[in-house]
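Next comes data36.pdb, a file with PDB, C-alpha atoms.
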```pdb
MODEL        1
ATOM      1  CA  MET A 155      -8.740  -6.278 -21.741
ATOM      2  CA  GLN A 156      -6.309  -9.185 -21.406
ATOM      3  CA  TRP A 157      -5.112  -9.756 -17.866
ATOM      4  CA  PRO A 158      -1.545 -10.973 -17.143
ATOM      5  CA  PRO A 159      -0.782 -14.125 -15.084
ATOM      6  CA  ARG A 160      -2.252 -13.925 -11.599
ATOM      7  CA  LEU A 161      -2.338 -16.045  -8.448
ATOM      8  CA  GLU A 162      -5.531 -16.165  -6.387
ATOM      9  CA  LEU A 163      -4.133 -15.427  -2.923
ATOM     10  CA  ALA A 164      -6.213 -12.646  -1.367
ATOM     11  CA  ASN A 165      -9.617 -12.989   0.259
ATOM     12  CA  THR A 166     -11.607 -10.762  -2.034
ATOM     13  CA  PRO A 167     -13.881  -8.924  -2.476
ATOM     14  CA  THR A 168     -13.178  -7.088   0.764
ATOM     15  CA  PRO A 169     -16.025  -5.256   2.540
ATOM     16  CA  LEU A 170     -16.961  -1.628   1.917
ATOM     17  CA  ARG A 171     -18.419  -0.163   5.124
ATOM     18  CA  HIS A 172     -20.042   3.153   5.979
ATOM     19  CA  LEU A 173     -18.527   4.878   9.023
ATOM     20  CA  GLU A 174     -21.822   6.144  10.373
ATOM     21  CA  ARG A 175     -20.711   7.609  13.710
ATOM     22  CA  LEU A 176     -17.658   9.361  12.290
ATOM     23  CA  SER A 177     -19.690  10.768   9.398
ATOM     24  CA  ARG A 178     -22.289  12.067  11.821
ATOM     25  CA  GLN A 179     -19.606  13.572  14.063
ATOM     26  CA  LEU A 180     -17.914  15.393  11.166
ATOM     27  CA  GLY A 181     -21.231  16.476   9.650
ATOM     28  CA  ASP A 182     -22.212  16.843   5.997
ATOM     29  CA  VAL A 183     -19.902  14.024   4.821
ATOM     30  CA  ASP A 184     -20.309  10.309   4.233
ATOM     31  CA  ILE A 185     -17.111   8.383   4.849
ATOM     32  CA  TRP A 186     -16.770   4.772   3.742
ATOM     33  CA  VAL A 187     -13.853   2.412   4.300
ATOM     34  CA  LYS A 188     -12.679  -0.303   1.899
ATOM     35  CA  HIS A 189     -11.379  -2.997   4.241
ATOM     36  CA  ASP A 190      -8.292  -4.224   2.413
ATOM     37  CA  GLU A 191      -6.749  -5.046   5.784
ATOM     38  CA  LEU A 192      -9.050  -8.091   5.514
ATOM     39  CA  THR A 193      -7.407  -9.606   2.423
ATOM     40  CA  GLY A 194      -6.146 -12.366   4.740
ATOM     41  CA  LEU A 195      -4.823 -12.674   8.296
ATOM     42  CA  GLU A 196      -1.099 -13.193   7.662
ATOM     43  CA  LEU A 197      -1.279 -11.600   4.186
ATOM     44  CA  SER A 198      -3.370  -8.628   5.261
ATOM     45  CA  GLY A 199      -3.308  -5.384   3.366
ATOM     46  CA  ASN A 200      -2.794  -3.935  -0.088
ATOM     47  CA  LYS A 201       0.533  -5.692  -0.729
ATOM     48  CA  ILE A 202      -1.059  -9.049  -1.439
ATOM     49  CA  ARG A 203      -3.114  -7.648  -4.323
ATOM     50  CA  LYS A 204       0.091  -6.560  -6.072
ATOM     51  CA  LEU A 205       1.988  -9.729  -5.176
ATOM     52  CA  GLU A 206      -0.680 -11.858  -6.857
ATOM     53  CA  PHE A 207       0.663 -10.530 -10.148
ATOM     54  CA  SER A 208       4.352 -10.159  -9.241
ATOM     55  CA  ILE A 209       4.768 -13.705  -7.940
ATOM     56  CA  ALA A 210       2.693 -15.125 -10.803
ATOM     57  CA  GLN A 211       5.246 -13.528 -13.122
ATOM     58  CA  ALA A 212       8.084 -15.052 -11.068
ATOM     59  CA  LEU A 213       6.573 -18.524 -11.463
ATOM     60  CA  GLU A 214       5.962 -17.867 -15.162
ATOM     61  CA  GLU A 215       9.723 -17.259 -15.494
ATOM     62  CA  GLY A 216      10.590 -20.467 -13.638
ATOM     63  CA  CYS A 217      11.922 -18.796 -10.492
ATOM     64  CA  ASP A 218      12.198 -20.651  -7.177
ATOM     65  CA  THR A 219      13.437 -17.742  -5.052
ATOM     66  CA  LEU A 220      12.040 -14.275  -4.303
ATOM     67  CA  ILE A 221      14.169 -11.274  -3.349
ATOM     68  CA  THR A 222      12.531  -8.093  -2.141
ATOM     69  CA  CYS A 223      13.206  -5.147   0.129
ATOM     70  CA  GLY A 224      11.697  -2.613   2.492
ATOM     71  CA  GLY A 225      11.846  -1.237   6.014
ATOM     72  CA  VAL A 226      12.426  -3.403   9.067
ATOM     73  CA  GLN A 227       8.644  -3.395   9.679
ATOM     74  CA  SER A 228       7.703  -3.699   5.999
ATOM     75  CA  ASN A 229       4.192  -5.078   5.434
ATOM     76  CA  HIS A 230       5.220  -5.952   1.894
ATOM     77  CA  CYS A 231       8.212  -8.001   3.026
ATOM     78  CA  ARG A 232       6.085  -9.865   5.561
ATOM     79  CA  ALA A 233       3.467 -10.698   2.940
ATOM     80  CA  THR A 234       6.183 -11.898   0.540
ATOM     81  CA  ALA A 235       7.717 -14.089   3.253
ATOM     82  CA  VAL A 236       4.363 -15.688   4.072
ATOM     83  CA  ILE A 237       3.476 -16.327   0.424
ATOM     84  CA  GLY A 238       6.910 -17.830  -0.158
ATOM     85  CA  SER A 239       6.392 -20.317   2.642
ATOM     86  CA  ARG A 240       2.957 -21.262   1.298
ATOM     87  CA  LEU A 241       4.228 -21.775  -2.242
ATOM     88  CA  GLY A 242       7.498 -23.472  -1.298
ATOM     89  CA  LEU A 243       9.625 -20.582  -2.556
ATOM     90  CA  ARG A 244      12.774 -19.352  -0.871
ATOM     91  CA  VAL A 245      12.526 -15.703   0.234
ATOM     92  CA  HIS A 246      15.396 -13.315   0.899
ATOM     93  CA  LEU A 247      14.541  -9.922   2.395
ATOM     94  CA  ILE A 248      16.764  -6.839   2.270
ATOM     95  CA  LEU A 249      15.696  -4.564   5.118
ATOM     96  CA  ARG A 250      16.548  -0.896   5.603
ATOM     97  CA  GLY A 251      18.032  -0.180   9.036
ATOM     98  CA  GLU A 252      19.901  -1.909  11.815
ATOM     99  CA  GLN A 253      18.986  -5.345  13.105
ATOM    100  CA  PRO A 254      16.883  -4.800  16.249
ATOM    101  CA  GLN A 255      17.716  -6.620  19.456
ATOM    102  CA  GLU A 256      14.269  -8.179  19.445
ATOM    103  CA  ALA A 257      12.079  -9.234  16.522
ATOM    104  CA  ASP A 258       8.573  -7.768  16.829
ATOM    105  CA  GLY A 259       5.568  -7.183  14.569
ATOM    106  CA  ASN A 260       6.182  -7.881  10.888
ATOM    107  CA  LEU A 261       9.837  -8.794  11.463
ATOM    108  CA  LEU A 262       8.846 -11.579  13.828
ATOM    109  CA  LEU A 263       6.536 -13.002  11.146
ATOM    110  CA  ASP A 264       9.344 -12.735   8.567
ATOM    111  CA  HIS A 265      11.519 -14.978  10.708
ATOM    112  CA  LEU A 266       8.719 -17.393  11.573
ATOM    113  CA  SER A 267       7.984 -17.763   7.850
ATOM    114  CA  GLY A 268      11.571 -18.845   7.220
ATOM    115  CA  ALA A 269      12.745 -15.823   5.228
ATOM    116  CA  GLU A 270      16.454 -15.051   5.109
ATOM    117  CA  VAL A 271      17.091 -11.453   6.159
ATOM    118  CA  SER A 272      19.920  -9.057   5.327
ATOM    119  CA  TYR A 273      20.145  -5.549   6.782
ATOM    120  CA  ILE A 274      21.486  -2.366   5.171
ATOM    121  CA  PRO A 275      22.103   0.785   7.250
ATOM    122  CA  VAL A 276      19.911   3.718   6.228
ATOM    123  CA  LYS A 277      22.943   5.681   5.005
ATOM    124  CA  ASP A 278      23.803   2.864   2.569
ATOM    125  CA  TRP A 279      20.257   2.189   1.363
ATOM    126  CA  VAL A 280      20.958   3.659  -2.067
ATOM    127  CA  GLY A 281      22.846   0.427  -2.789
ATOM    128  CA  HIS A 282      20.005  -1.981  -2.051
ATOM    129  CA  THR A 283      19.298  -2.756  -5.718
ATOM    130  CA  SER A 284      22.968  -3.619  -6.235
ATOM    131  CA  MET A 285      22.769  -5.963  -3.274
ATOM    132  CA  ALA A 286      19.683  -7.597  -4.805
ATOM    133  CA  LYS A 287      21.562  -8.140  -8.077
ATOM    134  CA  ASP A 288      24.494  -9.702  -6.179
ATOM    135  CA  LEU A 289      22.060 -12.031  -4.423
ATOM    136  CA  GLN A 290      20.520 -13.053  -7.751
ATOM    137  CA  ASP A 291      24.013 -13.905  -9.031
ATOM    138  CA  ARG A 292      24.792 -15.834  -5.860
ATOM    139  CA  TYR A 293      21.618 -17.883  -6.098
ATOM    140  CA  LEU A 294      22.224 -18.544  -9.794
ATOM    141  CA  ALA A 295      25.649 -19.960  -8.922
ATOM    142  CA  GLU A 296      23.855 -22.266  -6.455
ATOM    143  CA  GLY A 297      21.525 -23.486  -9.198
ATOM    144  CA  ARG A 298      18.547 -21.359  -8.178
ATOM    145  CA  LYS A 299      16.691 -18.662 -10.111
ATOM    146  CA  ALA A 300      15.723 -15.574  -8.127
ATOM    147  CA  PHE A 301      13.061 -13.020  -9.067
ATOM    148  CA  TYR A 302      13.485  -9.472  -7.786
ATOM    149  CA  ILE A 303      10.390  -7.602  -6.574
ATOM    150  CA  PRO A 304      10.969  -3.870  -5.894
ATOM    151  CA  ILE A 305       9.832  -2.059  -2.750
ATOM    152  CA  GLY A 306       6.112  -2.562  -2.234
ATOM    153  CA  ALA A 307       5.857  -4.536  -5.503
ATOM    154  CA  SER A 308       5.365  -1.085  -6.997
ATOM    155  CA  ASP A 309       6.271  -1.426 -10.651
ATOM    156  CA  GLU A 310       4.452  -2.030 -13.931
ATOM    157  CA  ILE A 311       3.628  -5.625 -12.879
ATOM    158  CA  GLY A 312       2.388  -4.862  -9.366
ATOM    159  CA  LEU A 313       0.298  -1.993 -10.746
ATOM    160  CA  TRP A 314      -2.264  -4.589 -11.820
ATOM    161  CA  GLY A 315      -3.153  -5.218  -8.173
ATOM    162  CA  TYR A 316      -5.101  -1.989  -7.835
ATOM    163  CA  VAL A 317      -6.257  -1.934 -11.425
ATOM    164  CA  SER A 318      -8.068  -5.113 -10.441
ATOM    165  CA  ALA A 319      -9.164  -3.593  -7.119
ATOM    166  CA  SER A 320     -10.635  -0.635  -9.018
ATOM    167  CA  LEU A 321     -13.011  -2.964 -10.836
ATOM    168  CA  GLU A 322     -13.970  -4.409  -7.453
ATOM    169  CA  LEU A 323     -14.556  -0.895  -6.100
ATOM    170  CA  LYS A 324     -16.843  -0.036  -8.998
ATOM    171  CA  GLN A 325     -18.897  -3.137  -8.212
ATOM    172  CA  ASP A 326     -18.946  -2.142  -4.521
ATOM    173  CA  PHE A 327     -20.281   1.312  -5.399
ATOM    174  CA  GLU A 328     -23.036  -0.156  -7.547
ATOM    175  CA  LYS A 329     -24.006  -2.628  -4.823
ATOM    176  CA  GLN A 330     -24.151   0.084  -2.141
ATOM    177  CA  GLY A 331     -25.887   2.561  -4.434
ATOM    178  CA  ILE A 332     -23.283   5.283  -3.935
ATOM    179  CA  GLU A 333     -21.231   7.437  -6.288
ATOM    180  CA  PRO A 334     -18.174   8.623  -4.336
ATOM    181  CA  ASP A 335     -16.565  11.970  -5.003
ATOM    182  CA  VAL A 336     -13.118  11.132  -3.617
ATOM    183  CA  ILE A 337     -11.076   7.979  -3.001
ATOM    184  CA  VAL A 338      -8.306   8.488  -0.419
ATOM    185  CA  VAL A 339      -5.307   6.183   0.061
ATOM    186  CA  ALA A 340      -1.874   6.275   1.687
ATOM    187  CA  THR A 341       1.089   6.199  -0.686
ATOM    188  CA  GLY A 342       4.599   5.071   0.169
ATOM    189  CA  SER A 343       5.984   3.394  -2.947
ATOM    190  CA  GLY A 344       3.331   4.554  -5.416
ATOM    191  CA  GLY A 345       1.993   1.237  -6.700
ATOM    192  CA  THR A 346      -1.438   1.369  -5.084
ATOM    193  CA  GLN A 347      -1.817   5.007  -6.099
ATOM    194  CA  GLY A 348      -0.834   4.238  -9.702
ATOM    195  CA  GLY A 349      -3.131   1.241  -9.957
ATOM    196  CA  LEU A 350      -6.112   3.251  -8.725
ATOM    197  CA  ILE A 351      -5.351   6.041 -11.203
ATOM    198  CA  ALA A 352      -5.223   3.572 -14.093
ATOM    199  CA  GLY A 353      -8.312   1.733 -12.832
ATOM    200  CA  LYS A 354     -10.289   4.967 -12.588
ATOM    201  CA  ALA A 355      -9.606   5.639 -16.256
ATOM    202  CA  LEU A 356     -10.198   2.071 -17.454
ATOM    203  CA  PHE A 357     -13.462   1.501 -15.590
ATOM    204  CA  ASP A 358     -14.887   5.029 -15.798
ATOM    205  CA  ILE A 359     -14.913   5.723 -12.058
ATOM    206  CA  ARG A 360     -16.011   9.295 -11.347
ATOM    207  CA  ALA A 361     -14.270   9.710  -7.968
ATOM    208  CA  GLU A 362     -11.009  11.645  -7.798
ATOM    209  CA  ILE A 363      -8.007   9.661  -6.531
ATOM    210  CA  VAL A 364      -6.160  11.441  -3.719
ATOM    211  CA  ALA A 365      -3.060   9.860  -2.162
ATOM    212  CA  VAL A 366      -1.601  11.066   1.134
ATOM    213  CA  ASN A 367       2.164  10.614   1.080
ATOM    214  CA  VAL A 368       3.843   8.984   4.087
ATOM    215  CA  CYS A 369       7.348   9.692   2.774
ATOM    216  CA  ASP A 370       9.064  11.753   0.051
ATOM    217  CA  ASP A 371       6.945  14.533  -1.521
ATOM    218  CA  ALA A 372       4.365  15.174  -4.244
ATOM    219  CA  ALA A 373       7.056  15.824  -6.864
ATOM    220  CA  TYR A 374       8.595  12.409  -6.197
ATOM    221  CA  PHE A 375       5.264  10.618  -6.572
ATOM    222  CA  ALA A 376       4.371  12.568  -9.710
ATOM    223  CA  LYS A 377       7.554  11.233 -11.305
ATOM    224  CA  LYS A 378       7.421   7.702  -9.846
ATOM    225  CA  VAL A 379       3.758   7.034 -10.596
ATOM    226  CA  ALA A 380       3.999   8.516 -14.105
ATOM    227  CA  SER A 381       6.985   6.248 -14.816
ATOM    228  CA  ASP A 382       5.181   3.139 -13.522
ATOM    229  CA  LEU A 383       2.096   3.969 -15.588
ATOM    230  CA  ALA A 384       4.133   4.516 -18.749
ATOM    231  CA  LEU A 385       6.034   1.234 -18.316
ATOM    232  CA  TRP A 386       2.759  -0.596 -17.583
ATOM    233  CA  SER A 387       1.096   0.803 -20.693
ATOM    234  CA  GLU A 388       4.098  -0.078 -22.845
ATOM    235  CA  ARG A 389       4.652  -3.568 -21.469
ATOM    236  CA  TYR A 390       1.017  -4.628 -21.715
ATOM    237  CA  GLN A 391       0.176  -2.587 -24.822
ATOM    238  CA  MET A 392      -2.655  -0.748 -23.138
ATOM    239  CA  ASN A 393      -4.707   1.624 -25.246
ATOM    240  CA  LEU A 394      -4.550   4.373 -22.636
ATOM    241  CA  ASP A 395      -2.738   7.712 -22.686
ATOM    242  CA  THR A 396      -1.193   7.489 -19.231
ATOM    243  CA  SER A 397       0.615  10.809 -19.641
ATOM    244  CA  SER A 398      -2.726  12.629 -19.368
ATOM    245  CA  LEU A 399      -3.818  10.962 -16.113
ATOM    246  CA  PRO A 400      -3.810  13.301 -13.076
ATOM    247  CA  ILE A 401      -1.597  12.360 -10.123
ATOM    248  CA  ASN A 402      -2.903  14.042  -6.968
ATOM    249  CA  THR A 403      -0.700  13.653  -3.872
ATOM    250  CA  LEU A 404      -1.790  15.460  -0.717
ATOM    251  CA  GLU A 405       1.222  16.657   1.266
ATOM    252  CA  GLY A 406       1.688  17.833   4.824
ATOM    253  CA  TYR A 407       1.147  14.715   6.931
ATOM    254  CA  VAL A 408       4.477  12.857   6.796
ATOM    255  CA  GLY A 409       5.356  14.167  10.262
ATOM    256  CA  PRO A 410       8.875  13.439  11.588
ATOM    257  CA  GLY A 411       9.550  11.054   8.687
ATOM    258  CA  TYR A 412       8.781   7.620   7.264
ATOM    259  CA  GLY A 413       7.934   5.143  10.006
ATOM    260  CA  GLN A 414       7.692   7.925  12.600
ATOM    261  CA  ALA A 415       4.482   9.494  13.829
ATOM    262  CA  GLY A 416       3.599  12.458  16.015
ATOM    263  CA  PRO A 417       1.086  12.377  18.897
ATOM    264  CA  GLU A 418      -1.732  13.613  16.634
ATOM    265  CA  ILE A 419      -1.517  10.383  14.605
ATOM    266  CA  PHE A 420      -1.734   8.165  17.679
ATOM    267  CA  GLU A 421      -4.710  10.209  18.882
ATOM    268  CA  THR A 422      -6.483   9.793  15.524
ATOM    269  CA  ILE A 423      -5.859   6.037  15.623
ATOM    270  CA  SER A 424      -7.142   5.770  19.203
ATOM    271  CA  GLU A 425     -10.217   7.908  18.573
ATOM    272  CA  LEU A 426     -11.225   5.960  15.469
ATOM    273  CA  ALA A 427     -10.766   2.645  17.292
ATOM    274  CA  ARG A 428     -13.081   3.862  20.061
ATOM    275  CA  LEU A 429     -15.626   5.401  17.707
ATOM    276  CA  GLU A 430     -15.824   2.797  14.928
ATOM    277  CA  GLY A 431     -13.811  -0.238  16.054
ATOM    278  CA  LEU A 432     -11.487   0.485  13.141
ATOM    279  CA  PHE A 433      -7.745   0.046  13.684
ATOM    280  CA  LEU A 434      -5.159   1.957  11.672
ATOM    281  CA  ASP A 435      -1.361   1.900  11.811
ATOM    282  CA  PRO A 436       1.004   4.828  12.515
ATOM    283  CA  VAL A 437       3.124   4.384   9.369
ATOM    284  CA  TYR A 438       0.560   4.421   6.529
ATOM    285  CA  THR A 439      -3.165   4.429   7.226
ATOM    286  CA  GLY A 440      -3.039   6.508  10.400
ATOM    287  CA  LYS A 441      -1.281   9.364   8.607
ATOM    288  CA  ALA A 442      -3.526   9.156   5.542
ATOM    289  CA  PHE A 443      -6.742   9.053   7.577
ATOM    290  CA  HIS A 444      -5.550  11.907   9.776
ATOM    291  CA  GLY A 445      -4.761  13.906   6.643
ATOM    292  CA  MET A 446      -8.204  13.233   5.178
ATOM    293  CA  VAL A 447     -10.050  14.243   8.356
ATOM    294  CA  SER A 448      -7.840  17.322   8.824
ATOM    295  CA  GLU A 449      -8.662  18.515   5.320
ATOM    296  CA  ILE A 450     -12.382  17.938   5.908
ATOM    297  CA  LEU A 451     -12.189  20.033   9.093
ATOM    298  CA  LYS A 452     -10.315  22.780   7.241
ATOM    299  CA  ARG A 453     -13.150  22.993   4.737
ATOM    300  CA  LYS A 454     -15.771  23.098   7.517
ATOM    301  CA  ALA A 455     -13.837  25.956   9.124
ATOM    302  CA  GLY A 456     -13.847  27.897   5.849
ATOM    303  CA  SER A 457     -10.141  27.394   5.161
ATOM    304  CA  ASN A 458      -8.590  26.151   1.933
ATOM    305  CA  SER A 459      -8.621  22.354   1.684
ATOM    306  CA  ALA A 460      -6.512  20.170  -0.605
ATOM    307  CA  LEU A 461      -9.346  17.622  -0.901
ATOM    308  CA  PRO A 462     -11.532  17.874  -4.002
ATOM    309  CA  GLU A 463     -15.103  19.018  -3.414
ATOM    310  CA  GLY A 464     -17.658  16.366  -2.565
ATOM    311  CA  LYS A 465     -19.616  14.776   0.239
ATOM    312  CA  THR A 466     -18.917  11.056  -0.209
ATOM    313  CA  LEU A 467     -15.396   9.805   0.456
ATOM    314  CA  VAL A 468     -13.977   6.289   0.363
ATOM    315  CA  PHE A 469     -10.854   5.520   2.382
ATOM    316  CA  ILE A 470      -8.803   2.520   1.277
ATOM    317  CA  HIS A 471      -7.563   0.711   4.387
ATOM    318  CA  THR A 472      -4.302  -0.761   3.111
ATOM    319  CA  GLY A 473      -3.496  -2.766   6.255
ATOM    320  CA  GLY A 474      -0.398  -2.556   8.430
ATOM    321  CA  LEU A 475      -1.966  -3.818  11.655
ATOM    322  CA  PHE A 476       1.094  -5.870  12.654
ATOM    323  CA  GLY A 477       3.057  -2.612  12.577
ATOM    324  CA  LEU A 478       1.007  -1.297  15.505
ATOM    325  CA  PHE A 479       2.869  -3.371  18.052
ATOM    326  CA  PRO A 480       6.415  -1.971  17.604
ATOM    327  CA  HIS A 481       4.865   1.516  18.041
ATOM    328  CA  LYS A 482       2.901   0.653  21.186
ATOM    329  CA  GLN A 483       4.724   3.277  23.269
ATOM    330  CA  GLY A 484       3.047   5.952  21.171
ATOM    331  CA  PHE A 485      -0.286   5.039  22.772
ATOM    332  CA  VAL A 486       0.937   5.423  26.344
ATOM    333  CA  LYS A 487      -0.344   8.733  27.710
TER     334      LYS A 487
ENDMDL
END
```
Mind turning this structure into C-alpha cells?
Amino acid sequence: MQWPPRLELANTPTPLRHLERLSRQLGDVDIWVKHDELTGLELSGNKIRKLEFSIAQALEEGCDTLITCGGVQSNHCRATAVIGSRLGLRVHLILRGEQPQEADGNLLLDHLSGAEVSYIPVKDWVGHTSMAKDLQDRYLAEGRKAFYIPIGASDEIGLWGYVSASLELKQDFEKQGIEPDVIVVATGSGGTQGGLIAGKALFDIRAEIVAVNVCDDAAYFAKKVASDLALWSERYQMNLDTSSLPINTLEGYVGPGYGQAGPEIFETISELARLEGLFLDPVYTGKAFHGMVSEILKRKAGSNSALPEGKTLVFIHTGGLFGLFPHKQGFVK
C-alpha cells in the first residue's frame, strides 16, 4: 500500500492500557483504553492523526494558510491552530456560535497560538463553507494560498489518520496478546470512525467497530462515512470495496445535544477519574464511554444491548481534555 504525504507530528505509538478495576467492577469483561489523548500535550487527541495527512497535503499544494471550522470549543480547531504556529502557517478558524465574553479551554489556546477567529451564529452555520471559500478568495487577493480543512479533518484525506492508527492498534493487540471483540469510539464528524472501518478491513482486524454518536444520528453517519470511504478509495485507487463495509453507530447517548451533557455523563467522568485516574470530556469521550458501559450493564441485566457480543473491548480515548474546563459547573454537586 502506498501512503500519501504525511507529517510526523503526533507522539505515537500511544499506550494501550487495561482498566483492571473497572473490568473487575463490571464483571466478565476486559476493558482496555487506547490513550490517544497522549498524542501530545497541546496537540492531544485524535485530530492530530488526521491533520498529519491534511496539512501535509496543504504543504504539497504550496499553501501558507489553513482555514478550518468547528465549535467554539473545537479540539480540531485548537490542534490546527497549534500546528500552524509550529509550522509558520497562518490559521483562520470559523467557529460555530457567539463569541463568549471570556476565552476558556480550547478557545484560549486558539488565541494564544495566534489564530484569527471568525464566529457564525448557530442559525447561520449552514453557510460556513461559503464563508471559507470567501476567505480563500480574500487571501488569494493578498498573495496567499489557503487550504481548507473540513470539520474535524474528516474527509478522504483525513481518513488516513485512523487507517494508520489501525495498523498501530493491530501491533498493540499482538504485543499485549489480546484479540479484542469490539473497538468503541466517539463519532462527531465521522473521520475517526471511517478510518477505523477502513483499517479493520485493510489489516484484517477481527474486532467490530462501534461508534457512539455525539451529534446527528446513525442515518447521518451511515451516509457521511460511506461517502468519505468512497471518495478515499477513488482518490487513492484503493483495491477495497468500501460499499460493503459495515457502519455501526450506536445511538441513544447524545443527551441534550452536541456540546451539552446530562448529569449522568458528569457522574461517569467523575467515577472513572476516581477509579482509574482516567479523565474524559463531556462532549465526546464521556458520552461514548457512558454509552459503552450502559450497554454492558444492559447485557448483564438480561436486556437487549446494541454492543456486539464479546468479552474484550477497546475504547479509543480521542482526547478533549481542554474541553473539561468550560464545563466545570457540571461537576459541582
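Neighbourhood of point (-9.9, -7.5, -3.2): residues with an atom at most 7 Å away, counting only C-alpha atoms, are Ala164, Asn165, Thr166, Pro167, Thr168, Asp190, Thr193, Arg203, Ala319 and Glu322 of chain A.
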Checklist entry - Could you name the residues that touch Ser177 (chain A) at 12 Å or less, counting all atoms listed in the file, but leaving out those on the same chain fewer than 3 positions away, as a PyMOL selection string? => result chain A and resi 171-174+180-187+426+429-430+447+450-451+465-468
Checklist entry - If you count only C-alpha atoms, which residues fall within 8 Å of region 473-482 of chain A, apart from same-chain ones fewer than 4 positions away, as JSON, numbers by chain? => result {"A": [190, 191, 192, 198, 199, 200, 227, 229, 258, 259, 260, 433, 434, 435, 436, 437, 438, 439, 486]}
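The shortest atom-to-atom distance to Gly484 (chain A), with all atoms listed in the file taken into account, belongs to A:Pro417 out of A:Pro417, A:Gly344, A:Gly431, A:Pro400.
Every protein, DNA or RNA residue with an atom at most 8 Å from region 266-281 of chain A, where only C-alpha atoms count and chain neighbours fewer than 2 positions away do not, is listed here: Ala235, Val236, Ser239, Arg244, Val245, His246, Leu247, Ile248, Leu249, Arg250, Gly251, Glu252, Gln253, Leu262, Leu263, Asp264, Thr283, Ser284 and Met285 of chain A.
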Please produce an output containing C-alpha atoms for each residue in the selection, written as a PDB file, in the frame of the given file.
```pdb
ATOM      1  CA  ALA A 235       7.717 -14.089   3.253  1.00  0.00           C
ATOM      2  CA  VAL A 236       4.363 -15.688   4.072  1.00  0.00           C
ATOM      3  CA  SER A 239       6.392 -20.317   2.642  1.00  0.00           C
ATOM      4  CA  ARG A 244      12.774 -19.352  -0.871  1.00  0.00           C
ATOM      5  CA  VAL A 245      12.526 -15.703   0.234  1.00  0.00           C
ATOM      6  CA  HIS A 246      15.396 -13.315   0.899  1.00  0.00           C
ATOM      7  CA  LEU A 247      14.541  -9.922   2.395  1.00  0.00           C
ATOM      8  CA  ILE A 248      16.764  -6.839   2.270  1.00  0.00           C
ATOM      9  CA  LEU A 249      15.696  -4.564   5.118  1.00  0.00           C
ATOM     10  CA  ARG A 250      16.548  -0.896   5.603  1.00  0.00           C
ATOM     11  CA  GLY A 251      18.032  -0.180   9.036  1.00  0.00           C
ATOM     12  CA  GLU A 252      19.901  -1.909  11.815  1.00  0.00           C
ATOM     13  CA  GLN A 253      18.986  -5.345  13.105  1.00  0.00           C
ATOM     14  CA  LEU A 262       8.846 -11.579  13.828  1.00  0.00           C
ATOM     15  CA  LEU A 263       6.536 -13.002  11.146  1.00  0.00           C
ATOM     16  CA  ASP A 264       9.344 -12.735   8.567  1.00  0.00           C
ATOM     17  CA  THR A 283      19.298  -2.756  -5.718  1.00  0.00           C
ATOM     18  CA  SER A 284      22.968  -3.619  -6.235  1.00  0.00           C
ATOM     19  CA  MET A 285      22.769  -5.963  -3.274  1.00  0.00           C
TER      20      MET A 285
END
```
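Across the structure, CA of Gln347 (chain A) and CA of His189 (chain A) are spaced 16.2 Å apart.
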Item to check | CA of Met446 (chain A) to CA of Tyr412 (chain A), distance in Å rounded to a single decimal | outcome: 18.0 Å
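Closest approach to Ile337 (chain A) among A:Phe443, A:Phe207, A:Trp386, A:Phe485 is made by A:Phe443 (distances from all atoms listed in the file).
Candidate residues A:Ala361, A:Val339, A:Cys369, A:Ile419 were compared for distance to Gly464 (chain A), and the nearest is A:Ala361, using all atoms listed in the file.
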